[in-house]
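Participant: The file below is input07.txt, compact mmCIF, C-alpha atoms:
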```
# COMPACT_ATOMS: atom_id res chain seq x y z
CA MET A 1 -24.75 -0.38 -7.68
CA SER A 2 -21.50 -2.35 -7.97
CA LEU A 3 -19.38 -3.09 -4.92
CA LEU A 4 -16.60 -0.97 -6.40
CA GLN A 5 -18.83 2.05 -7.01
CA SER A 6 -20.36 1.70 -3.57
CA ALA A 7 -16.89 1.85 -1.98
CA ILE A 8 -15.86 4.86 -4.08
CA ASP A 9 -19.06 6.70 -3.17
CA GLY A 10 -18.41 5.99 0.51
CA ILE A 11 -15.05 7.76 0.66
CA ARG A 12 -15.50 11.15 2.33
CA PRO A 13 -12.93 13.94 2.80
CA LEU A 14 -11.67 14.30 6.35
CA ASP A 15 -12.98 17.37 8.18
CA PRO A 16 -10.15 19.95 8.45
CA THR A 17 -11.70 21.26 11.66
CA TYR A 18 -10.51 18.12 13.44
CA PHE A 19 -6.91 18.75 12.38
CA ASP A 20 -7.08 22.24 13.90
CA LEU A 21 -8.64 20.95 17.12
CA ALA A 22 -6.04 18.21 17.41
CA GLN A 23 -3.14 20.61 16.89
CA ALA A 24 -4.61 22.98 19.46
CA HIS A 25 -4.61 20.11 21.99
CA LEU A 26 -1.05 19.11 21.12
CA ASP A 27 0.03 22.71 21.63
CA THR A 28 -1.23 22.60 25.25
CA GLN A 29 0.96 19.59 26.11
CA THR A 30 4.20 19.81 28.05
CA LYS A 31 6.61 20.47 25.19
CA PRO A 32 7.54 23.32 22.89
CA LYS A 33 5.01 23.73 20.11
CA GLY A 34 5.72 21.44 17.17
CA SER A 35 8.66 19.75 18.89
CA LEU A 36 7.45 16.22 18.14
CA GLY A 37 7.54 16.94 14.43
CA THR A 38 6.06 14.22 12.24
CA LEU A 39 4.41 12.55 15.23
CA GLU A 40 2.17 15.58 15.65
CA GLY A 41 1.03 15.48 12.03
CA ILE A 42 0.27 11.77 12.34
CA ALA A 43 -1.67 12.38 15.55
CA CYS A 44 -3.76 15.08 13.87
CA ARG A 45 -4.61 12.76 10.98
CA LEU A 46 -5.60 10.01 13.42
CA VAL A 47 -7.84 12.42 15.34
CA ALA A 48 -9.55 13.41 12.09
CA LEU A 49 -10.06 9.72 11.30
CA ALA A 50 -11.68 9.39 14.74
CA ALA A 51 -13.96 12.37 13.94
CA GLY A 52 -12.42 14.38 16.75
CA GLY A 53 -12.35 11.54 19.28
CA ALA A 54 -9.40 9.85 20.92
CA PRO A 55 -7.12 8.45 18.20
CA ALA A 56 -6.68 4.67 18.15
CA VAL A 57 -4.51 2.49 15.92
CA ASP A 58 -5.01 -1.06 17.18
CA PRO A 59 -5.91 -3.66 16.19
CA ALA A 60 -3.89 -3.46 12.97
CA ARG A 61 -3.62 -6.01 10.18
CA VAL A 62 -1.29 -6.55 7.24
CA TYR A 63 -2.74 -8.19 4.15
CA THR A 64 0.14 -9.64 2.15
CA CYS A 65 -1.32 -10.18 -1.32
CA ALA A 66 0.46 -12.45 -3.78
CA GLY A 67 0.20 -12.75 -7.54
CA ASP A 68 2.21 -13.83 -10.55
CA HIS A 69 3.04 -11.83 -13.66
CA GLY A 70 3.25 -12.92 -17.27
CA VAL A 71 6.01 -10.37 -17.89
CA ALA A 72 8.34 -12.57 -15.84
CA ALA A 73 8.87 -14.44 -19.12
CA GLN A 74 10.82 -11.39 -20.32
CA GLY A 75 13.62 -12.03 -17.82
CA VAL A 76 13.05 -9.01 -15.58
CA SER A 77 13.73 -10.81 -12.29
CA LEU A 78 16.63 -12.86 -10.94
CA PHE A 79 14.19 -15.29 -9.32
CA PRO A 80 12.04 -17.89 -11.09
CA GLN A 81 8.26 -17.54 -10.96
CA GLU A 82 7.77 -20.53 -8.72
CA VAL A 83 9.21 -18.46 -5.86
CA THR A 84 5.91 -16.56 -5.55
CA ARG A 85 4.07 -19.74 -4.64
CA GLN A 86 6.91 -20.98 -2.46
CA MET A 87 6.89 -17.72 -0.51
CA VAL A 88 3.12 -17.93 0.07
CA GLU A 89 3.77 -21.34 1.62
CA ASN A 90 6.58 -19.81 3.67
CA PHE A 91 4.25 -17.05 4.89
CA VAL A 92 1.67 -19.53 6.17
CA ARG A 93 4.46 -21.49 7.88
CA ASN A 94 5.54 -18.30 9.70
CA GLY A 95 9.00 -18.38 8.13
CA ALA A 96 9.30 -15.02 6.34
CA ALA A 97 10.40 -11.55 7.38
CA ILE A 98 6.80 -10.35 7.45
CA ASN A 99 5.93 -13.10 9.95
CA VAL A 100 8.76 -12.05 12.24
CA LEU A 101 7.99 -8.35 12.02
CA THR A 102 4.23 -8.64 12.48
CA ARG A 103 4.84 -10.83 15.52
CA THR A 104 7.34 -8.33 16.87
CA ALA A 105 5.01 -5.39 16.22
CA GLY A 106 1.87 -7.09 17.52
CA VAL A 107 0.14 -6.78 14.15
CA ASP A 108 -2.20 -9.38 12.68
CA LEU A 109 -1.21 -10.97 9.36
CA ARG A 110 -3.33 -12.45 6.60
CA VAL A 111 -1.86 -13.88 3.39
CA VAL A 112 -3.89 -13.55 0.19
CA ASP A 113 -3.68 -15.56 -3.01
CA ALA A 114 -4.81 -12.82 -5.38
CA GLY A 115 -3.57 -14.52 -8.54
CA CYS A 116 -0.73 -17.00 -8.09
CA LEU A 117 0.21 -19.61 -10.66
CA GLY A 118 -1.18 -23.08 -9.98
CA GLY A 119 -4.34 -24.21 -8.28
CA ALA A 120 -5.67 -23.59 -4.81
CA PHE A 121 -3.39 -23.76 -1.81
CA PRO A 122 -4.15 -26.07 1.14
CA GLU A 123 -6.58 -24.32 3.46
CA HIS A 124 -5.03 -22.40 6.36
CA PRO A 125 -6.56 -20.00 8.91
CA ALA A 126 -4.16 -17.21 7.90
CA LEU A 127 -4.72 -17.66 4.14
CA VAL A 128 -7.41 -15.96 2.07
CA GLN A 129 -7.92 -17.56 -1.33
CA CYS A 130 -9.45 -15.20 -3.86
CA LYS A 131 -7.47 -16.03 -6.98
CA VAL A 132 -8.84 -14.19 -10.01
CA ALA A 133 -6.67 -16.20 -12.43
CA PRO A 134 -3.33 -18.04 -12.24
CA GLY A 135 -1.14 -15.05 -13.08
CA THR A 136 -1.52 -12.11 -15.44
CA ARG A 137 -0.69 -12.09 -19.14
CA ASP A 138 2.60 -10.70 -20.44
CA PHE A 139 1.81 -7.02 -20.74
CA THR A 140 4.32 -6.53 -23.54
CA THR A 141 1.95 -8.45 -25.84
CA HIS A 142 -1.49 -8.24 -24.20
CA ALA A 143 -3.31 -6.36 -21.47
CA ALA A 144 -2.19 -7.87 -18.17
CA MET A 145 -5.84 -8.34 -17.17
CA THR A 146 -9.18 -7.96 -18.81
CA ARG A 147 -11.22 -5.10 -17.38
CA GLU A 148 -13.55 -7.66 -15.80
CA GLU A 149 -10.62 -9.42 -14.10
CA CYS A 150 -9.28 -6.09 -12.86
CA VAL A 151 -12.64 -5.09 -11.36
CA GLN A 152 -12.92 -8.53 -9.75
CA ALA A 153 -9.51 -8.05 -8.10
CA LEU A 154 -10.47 -4.54 -6.94
CA GLU A 155 -13.68 -5.88 -5.42
CA ASN A 156 -11.79 -8.74 -3.77
CA GLY A 157 -9.72 -6.06 -2.06
CA ILE A 158 -12.82 -4.21 -0.91
CA ARG A 159 -14.04 -7.48 0.61
CA LEU A 160 -10.72 -7.83 2.47
CA ALA A 161 -11.21 -4.38 3.99
CA ARG A 162 -14.78 -5.18 4.97
CA ALA A 163 -13.72 -8.48 6.56
CA ALA A 164 -11.08 -6.63 8.56
CA LYS A 165 -13.61 -4.07 9.74
CA GLU A 166 -15.93 -6.86 10.84
CA ASP A 167 -13.01 -8.32 12.83
CA GLY A 168 -12.59 -5.02 14.66
CA ILE A 169 -9.46 -3.95 12.78
CA ARG A 170 -8.80 -0.20 12.83
CA THR A 171 -5.62 0.03 10.74
CA LEU A 172 -5.07 -1.68 7.39
CA CYS A 173 -1.53 -2.27 6.15
CA THR A 174 -0.54 -3.29 2.64
CA GLY A 175 1.92 -6.01 1.71
CA GLU A 176 2.67 -7.97 -1.45
CA MET A 177 4.62 -10.79 -3.02
CA GLY A 178 5.03 -11.45 -6.73
CA ILE A 179 8.08 -12.28 -8.78
CA ALA A 180 8.65 -9.55 -11.42
CA ASN A 181 6.17 -7.15 -9.81
CA THR A 182 8.49 -4.15 -9.74
CA THR A 183 8.08 -4.12 -13.54
CA PRO A 184 4.30 -3.53 -13.60
CA ALA A 185 4.62 -1.22 -10.60
CA THR A 186 7.10 0.95 -12.50
CA ALA A 187 4.87 0.95 -15.58
CA LEU A 188 1.94 2.09 -13.43
CA PHE A 189 3.96 4.95 -11.94
CA SER A 190 4.89 6.02 -15.46
CA ALA A 191 1.25 5.90 -16.60
CA TYR A 192 -0.40 7.49 -13.55
CA LEU A 193 2.27 10.02 -12.57
CA GLY A 194 3.90 10.80 -15.91
CA LEU A 195 7.29 9.54 -14.75
CA ASP A 196 9.98 8.42 -17.19
CA PRO A 197 10.73 4.69 -16.81
CA GLU A 198 14.39 5.39 -17.49
CA ALA A 199 14.48 7.60 -14.40
CA ILE A 200 12.60 5.35 -11.98
CA THR A 201 13.36 1.73 -12.97
CA GLY A 202 15.44 -0.07 -10.36
CA PRO A 203 17.10 -3.43 -9.78
CA GLY A 204 14.16 -5.11 -8.05
CA THR A 205 15.52 -8.47 -6.94
CA GLY A 206 19.08 -7.34 -7.66
CA LEU A 207 19.52 -6.93 -11.41
CA ASN A 208 22.86 -5.64 -12.67
CA ALA A 209 23.13 -2.53 -14.85
CA GLU A 210 22.42 -4.40 -18.08
CA GLY A 211 19.49 -6.15 -16.43
CA VAL A 212 18.03 -2.78 -15.43
CA ARG A 213 18.48 -1.48 -18.98
CA HIS A 214 16.64 -4.53 -20.31
CA LYS A 215 13.87 -3.98 -17.76
CA ILE A 216 13.53 -0.37 -18.94
CA ARG A 217 13.13 -1.55 -22.53
CA VAL A 218 10.45 -4.04 -21.46
CA ILE A 219 8.51 -1.32 -19.62
CA GLN A 220 8.85 1.07 -22.55
CA LYS A 221 7.52 -1.61 -24.89
CA ALA A 222 4.49 -2.16 -22.64
CA LEU A 223 3.82 1.57 -22.36
CA ALA A 224 3.99 1.94 -26.12
CA LEU A 225 1.61 -0.98 -26.66
CA HIS A 226 -0.91 0.37 -24.17
CA ALA A 227 -0.47 4.07 -24.98
CA PRO A 228 -4.06 4.37 -26.27
CA ALA A 229 -5.42 3.07 -22.95
CA VAL A 230 -3.11 5.36 -20.97
CA ALA A 231 -4.14 8.33 -23.11
CA THR A 232 -7.79 7.87 -22.16
CA GLY A 233 -6.93 8.58 -18.53
CA ASP A 234 -9.27 5.80 -17.40
CA PRO A 235 -7.61 4.59 -14.18
CA ILE A 236 -9.20 1.13 -14.21
CA GLY A 237 -8.30 0.62 -17.86
CA ILE A 238 -4.69 1.58 -17.12
CA LEU A 239 -4.58 -0.80 -14.15
CA ALA A 240 -5.99 -3.62 -16.28
CA CYS A 241 -3.38 -3.10 -19.01
CA LEU A 242 -0.31 -2.62 -16.82
CA GLY A 243 -1.00 -3.94 -13.33
CA GLY A 244 -1.17 -7.22 -11.48
CA PHE A 245 -3.72 -9.15 -9.49
CA GLU A 246 -2.03 -8.42 -6.16
CA ILE A 247 -1.66 -4.73 -7.05
CA ALA A 248 -5.31 -4.40 -8.06
CA THR A 249 -6.43 -6.29 -4.94
CA LEU A 250 -4.43 -3.93 -2.74
CA ALA A 251 -5.84 -0.92 -4.59
CA GLY A 252 -9.33 -2.21 -3.86
CA MET A 253 -8.41 -2.81 -0.24
CA LEU A 254 -7.29 0.81 0.07
CA LEU A 255 -10.53 2.08 -1.46
CA GLY A 256 -12.55 -0.22 0.78
CA GLY A 257 -10.61 0.79 3.88
CA ALA A 258 -11.02 4.49 3.18
CA SER A 259 -14.76 4.02 2.65
CA LEU A 260 -14.89 2.50 6.14
CA GLY A 261 -12.86 5.29 7.75
CA MET A 262 -9.82 3.12 8.46
CA ALA A 263 -6.21 4.26 8.67
CA LEU A 264 -4.20 2.94 5.70
CA VAL A 265 -0.49 2.18 6.02
CA ILE A 266 1.21 1.84 2.63
CA ASP A 267 4.33 -0.33 2.48
CA GLY A 268 6.99 0.23 -0.18
CA PHE A 269 7.42 0.40 -3.95
CA ILE A 270 4.81 -2.12 -5.11
CA SER A 271 2.24 -1.11 -2.52
CA SER A 272 2.68 2.50 -3.57
CA SER A 273 1.74 1.53 -7.12
CA ALA A 274 -1.50 0.11 -5.69
CA PHE A 275 -1.97 3.43 -3.90
CA ALA A 276 -1.33 5.32 -7.16
CA ALA A 277 -4.08 3.26 -8.78
CA ALA A 278 -6.50 3.80 -5.89
CA ARG A 279 -5.70 7.53 -5.88
CA ALA A 280 -6.37 7.75 -9.61
CA ILE A 281 -9.73 6.04 -9.10
CA CYS A 282 -10.65 8.23 -6.09
CA PRO A 283 -8.22 11.00 -5.09
CA THR A 284 -9.75 11.36 -1.61
CA VAL A 285 -8.22 8.01 -0.60
CA ALA A 286 -4.96 9.93 -0.07
CA GLU A 287 -6.39 11.57 3.06
CA TYR A 288 -6.47 8.18 4.79
CA ALA A 289 -2.95 7.07 3.84
CA PHE A 290 0.30 6.93 5.81
CA PHE A 291 3.44 5.92 3.90
CA ALA A 292 5.47 3.49 5.95
CA HIS A 293 9.00 3.80 4.65
CA ALA A 294 11.28 5.05 1.91
CA SER A 295 11.91 2.13 -0.42
CA ALA A 296 15.53 1.74 -1.51
CA GLU A 297 14.33 1.41 -5.11
CA PRO A 298 15.97 4.40 -6.82
CA GLY A 299 12.75 5.78 -8.29
CA PHE A 300 10.84 5.90 -5.04
CA ALA A 301 11.68 9.50 -4.16
CA ALA A 302 10.18 10.65 -7.47
CA VAL A 303 7.09 8.55 -6.77
CA MET A 304 6.63 10.17 -3.36
CA GLU A 305 7.02 13.59 -4.93
CA GLY A 306 4.47 12.60 -7.57
CA VAL A 307 1.83 11.68 -5.00
CA GLY A 308 2.75 14.50 -2.62
CA ALA A 309 3.70 12.22 0.26
CA ALA A 310 6.58 11.68 2.69
CA PRO A 311 7.44 8.26 4.15
CA ILE A 312 7.69 7.82 7.92
CA LEU A 313 10.78 5.56 8.11
CA ASN A 314 13.97 5.38 6.07
CA LEU A 315 15.77 2.11 6.75
CA GLY A 316 17.12 1.22 3.31
CA MET A 317 14.55 -1.57 2.95
CA ARG A 318 13.19 -2.93 -0.35
CA LEU A 319 11.74 -6.32 0.56
CA GLY A 320 8.03 -5.62 0.37
CA GLU A 321 5.69 -8.18 2.00
CA GLY A 322 4.39 -5.41 4.28
CA THR A 323 7.56 -5.38 6.37
CA GLY A 324 7.90 -1.59 6.50
CA ALA A 325 4.19 -1.16 7.16
CA ALA A 326 4.30 -3.50 10.15
CA MET A 327 7.13 -1.47 11.65
CA ALA A 328 5.43 1.86 10.96
CA VAL A 329 2.41 0.82 13.06
CA PHE A 330 4.57 1.45 16.15
CA ILE A 331 5.07 5.05 15.03
CA LEU A 332 1.32 5.53 14.57
CA ARG A 333 0.75 4.05 18.04
CA SER A 334 3.33 6.43 19.48
CA ALA A 335 1.57 9.42 17.91
CA ALA A 336 -1.83 8.31 19.22
CA ASN A 337 -0.47 7.67 22.71
CA ILE A 338 1.27 11.05 22.87
CA TYR A 339 -2.02 12.72 22.03
CA ASN A 340 -4.05 10.63 24.49
CA GLU A 341 -1.66 10.33 27.44
CA MET A 342 0.75 13.26 27.62
CA ALA A 343 0.06 15.86 30.31
CA THR A 344 -0.93 19.40 29.47
CA PHE A 345 0.84 22.39 31.01
CA ALA A 346 -2.25 23.05 33.10
CA SER A 347 -2.69 19.49 34.37
CA ALA A 348 1.02 19.12 35.19
CA GLY A 349 1.37 22.54 36.79
CA VAL A 350 4.19 23.42 34.39
CA ASN A 351 4.78 27.01 33.33
CA ALA A 352 3.90 27.24 29.63
CA GLY A 353 6.27 30.14 29.04
CA LYS A 354 5.55 32.97 26.65
```
Translate this file's structure into structure tokens.
Facilitator:
Amino acid sequence: MSLLQSAIDGIRPLDPTYFDLAQAHLDTQTKPKGSLGTLEGIACRLVALAAGGAPAVDPARVYTCAGDHGVAAQGVSLFPQEVTRQMVENFVRNGAAINVLTRTAGVDLRVVDAGCLGGAFPEHPALVQCKVAPGTRDFTTHAAMTREECVQALENGIRLARAAKEDGIRTLCTGEMGIANTTPATALFSAYLGLDPEAITGPGTGLNAEGVRHKIRVIQKALALHAPAVATGDPIGILACLGGFEIATLAGMLLGGASLGMALVIDGFISSSAFAAARAICPTVAEYAFFAHASAEPGFAAVMEGVGAAPILNLGMRLGEGTGAAMAVFILRSAANIYNEMATFASAGVNAGK
């Protein structure tokens, strides 16, 4: 059995009984029922992940996966492609927003070369080098990846999840870096969720109105070229045609993490396209997922509606890297600690009312 199939087969639905038991406990605590809102729903999910035991979030880790995209040649980003590689170097030097926010949040960070242009990077303890190829092909003329490359990236992600589990990590957070990657992400949302690229394509790195219109045309061209693959409904085939190495690696990481019973914190727009791919491959992965924040990309609300999810934070962010996910870990911790530490009416001697 392949590593990918083994991970898919290992993903089990969460037992709804644990949600009921968790809510019953929350309802005995010293507060009006339901008064902690979203925190209570998060706590119930964490209890189900713990099979009815005490919920725990830490240790948590962000994997920031980087890859380059052939479609950058179509002028869909304000930044040149070499910025992907430069930012990987910045990550390992602790100079980026994700470095600051993971330090602040007490979350571990690993940087992953999933498919950057150029050769290997200098070795570094925080860097995982699993490059499938130096960038994808331009998906307006070819499939972005061969099916074999796509499966390799998915399985690389499963290996990341397994390595994290071996390190004692309980919560996996997604992050990414890749110049032009909002373009394949948008194409994937269109293919998996049936969304119109005209309605969901945004500025990415800051394109003006004409730049966004050009980006829409590029995505439409790719969708037309790969319409036969999309029509088959084969989720891996769609990912190979329209995705990216970092997106496929993150999708594999989500599948691997779910198969290991780990909490999954999904960052923003690009990471959600990896989730859409993982969900298409195995819908049960959704039961393990928490969505960190509402991306400021204009199509994100439609994406969340399409996957039936609601983000935890709304801070107007659209950086990626895993920045929102790192911050959302604090909210998950808060939910777990409320469940584990808050007094009940009986233990506190407080009148529970009617």
Participant: Can you tell me, as JSON, numbers by chain, what residues are no more than 7 Å from Ala143 in chain A when counting only C-alpha atoms, ignoring any on the same chain fewer than 4 positions away?
Facilitator: {"A": [137, 139, 240, 241, 242]}
Participant: Just C-alpha atoms for this one: save the residues we selected as a PDB file, keeping the file's coordinate frame.
Facilitator:
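So the final result, stored in again_5.pdb, reads:
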```
ATOM      1  CA  ARG A 137      -0.690 -12.090 -19.140  1.00  0.00           C
ATOM      2  CA  PHE A 139       1.810  -7.020 -20.740  1.00  0.00           C
ATOM      3  CA  ALA A 240      -5.990  -3.620 -16.280  1.00  0.00           C
ATOM      4  CA  CYS A 241      -3.380  -3.100 -19.010  1.00  0.00           C
ATOM      5  CA  LEU A 242      -0.310  -2.620 -16.820  1.00  0.00           C
TER       6      LEU A 242
END
```
Participant: With a distance cut-off of 9 Å and only C-alpha atoms, select the neighbouring residues of Leu315 in chain A, excluding the residue or stretch itself and same-chain residues fewer than 3 positions from it, and output the selection as a PyMOL selection string.
Facilitator: chain A and resi 293-296+324
Participant: Go ahead and fit an axis-aligned box to every listed atom of range 153-160 of chain A plus 5 Å each side, and pass me the centre and edge lengths in Å, one decimal, as AutoDock Vina command-line options.
Facilitator:
```
--center_x -11.8 --center_y -6.5 --center_z -2.8 --size_x 14.5 --size_y 14.5 --size_z 20.6
```
Participant: Need to verify the contact set: Leu193 in chain A, 9 Å, all atoms listed in the file, exclusion of same-chain residues closer than 2 positions in sequence. Can you return it as a PyMOL selection string?
Facilitator: chain A and resi 188-191+195+276+303+306-307
Participant: A:Leu127, A:Ala280, A:Leu207, A:Leu78: which is nearest Ile236 in chain A, counting only C-alpha atoms?
Facilitator: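 Closest to Ile236 in chain A of all the choices is A:Ala280.
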Participant: Around (-15.5, -1.6, -3.8) in the file's own coordinates, what residues are found within 10 Å if you use all atoms listed in the file, given back as a PyMOL selection string?
Facilitator: chain A and resi 2-10+151-159+161-162+251-257+259
Participant: Dump C-alpha atoms for the selected residues as a compact mmCIF listing (two decimals), in the coordinates of the input?
Facilitator:
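Generated file (result.txt):
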```txt
# COMPACT_ATOMS: atom_id res chain seq x y z
CA SER A 2 -21.50 -2.35 -7.97
CA LEU A 3 -19.38 -3.09 -4.92
CA LEU A 4 -16.60 -0.97 -6.40
CA GLN A 5 -18.83 2.05 -7.01
CA SER A 6 -20.36 1.70 -3.57
CA ALA A 7 -16.89 1.85 -1.98
CA ILE A 8 -15.86 4.86 -4.08
CA ASP A 9 -19.06 6.70 -3.17
CA GLY A 10 -18.41 5.99 0.51
CA VAL A 151 -12.64 -5.09 -11.36
CA GLN A 152 -12.92 -8.53 -9.75
CA ALA A 153 -9.51 -8.05 -8.10
CA LEU A 154 -10.47 -4.54 -6.94
CA GLU A 155 -13.68 -5.88 -5.42
CA ASN A 156 -11.79 -8.74 -3.77
CA GLY A 157 -9.72 -6.06 -2.06
CA ILE A 158 -12.82 -4.21 -0.91
CA ARG A 159 -14.04 -7.48 0.61
CA ALA A 161 -11.21 -4.38 3.99
CA ARG A 162 -14.78 -5.18 4.97
CA ALA A 251 -5.84 -0.92 -4.59
CA GLY A 252 -9.33 -2.21 -3.86
CA MET A 253 -8.41 -2.81 -0.24
CA LEU A 254 -7.29 0.81 0.07
CA LEU A 255 -10.53 2.08 -1.46
CA GLY A 256 -12.55 -0.22 0.78
CA GLY A 257 -10.61 0.79 3.88
CA SER A 259 -14.76 4.02 2.65
```
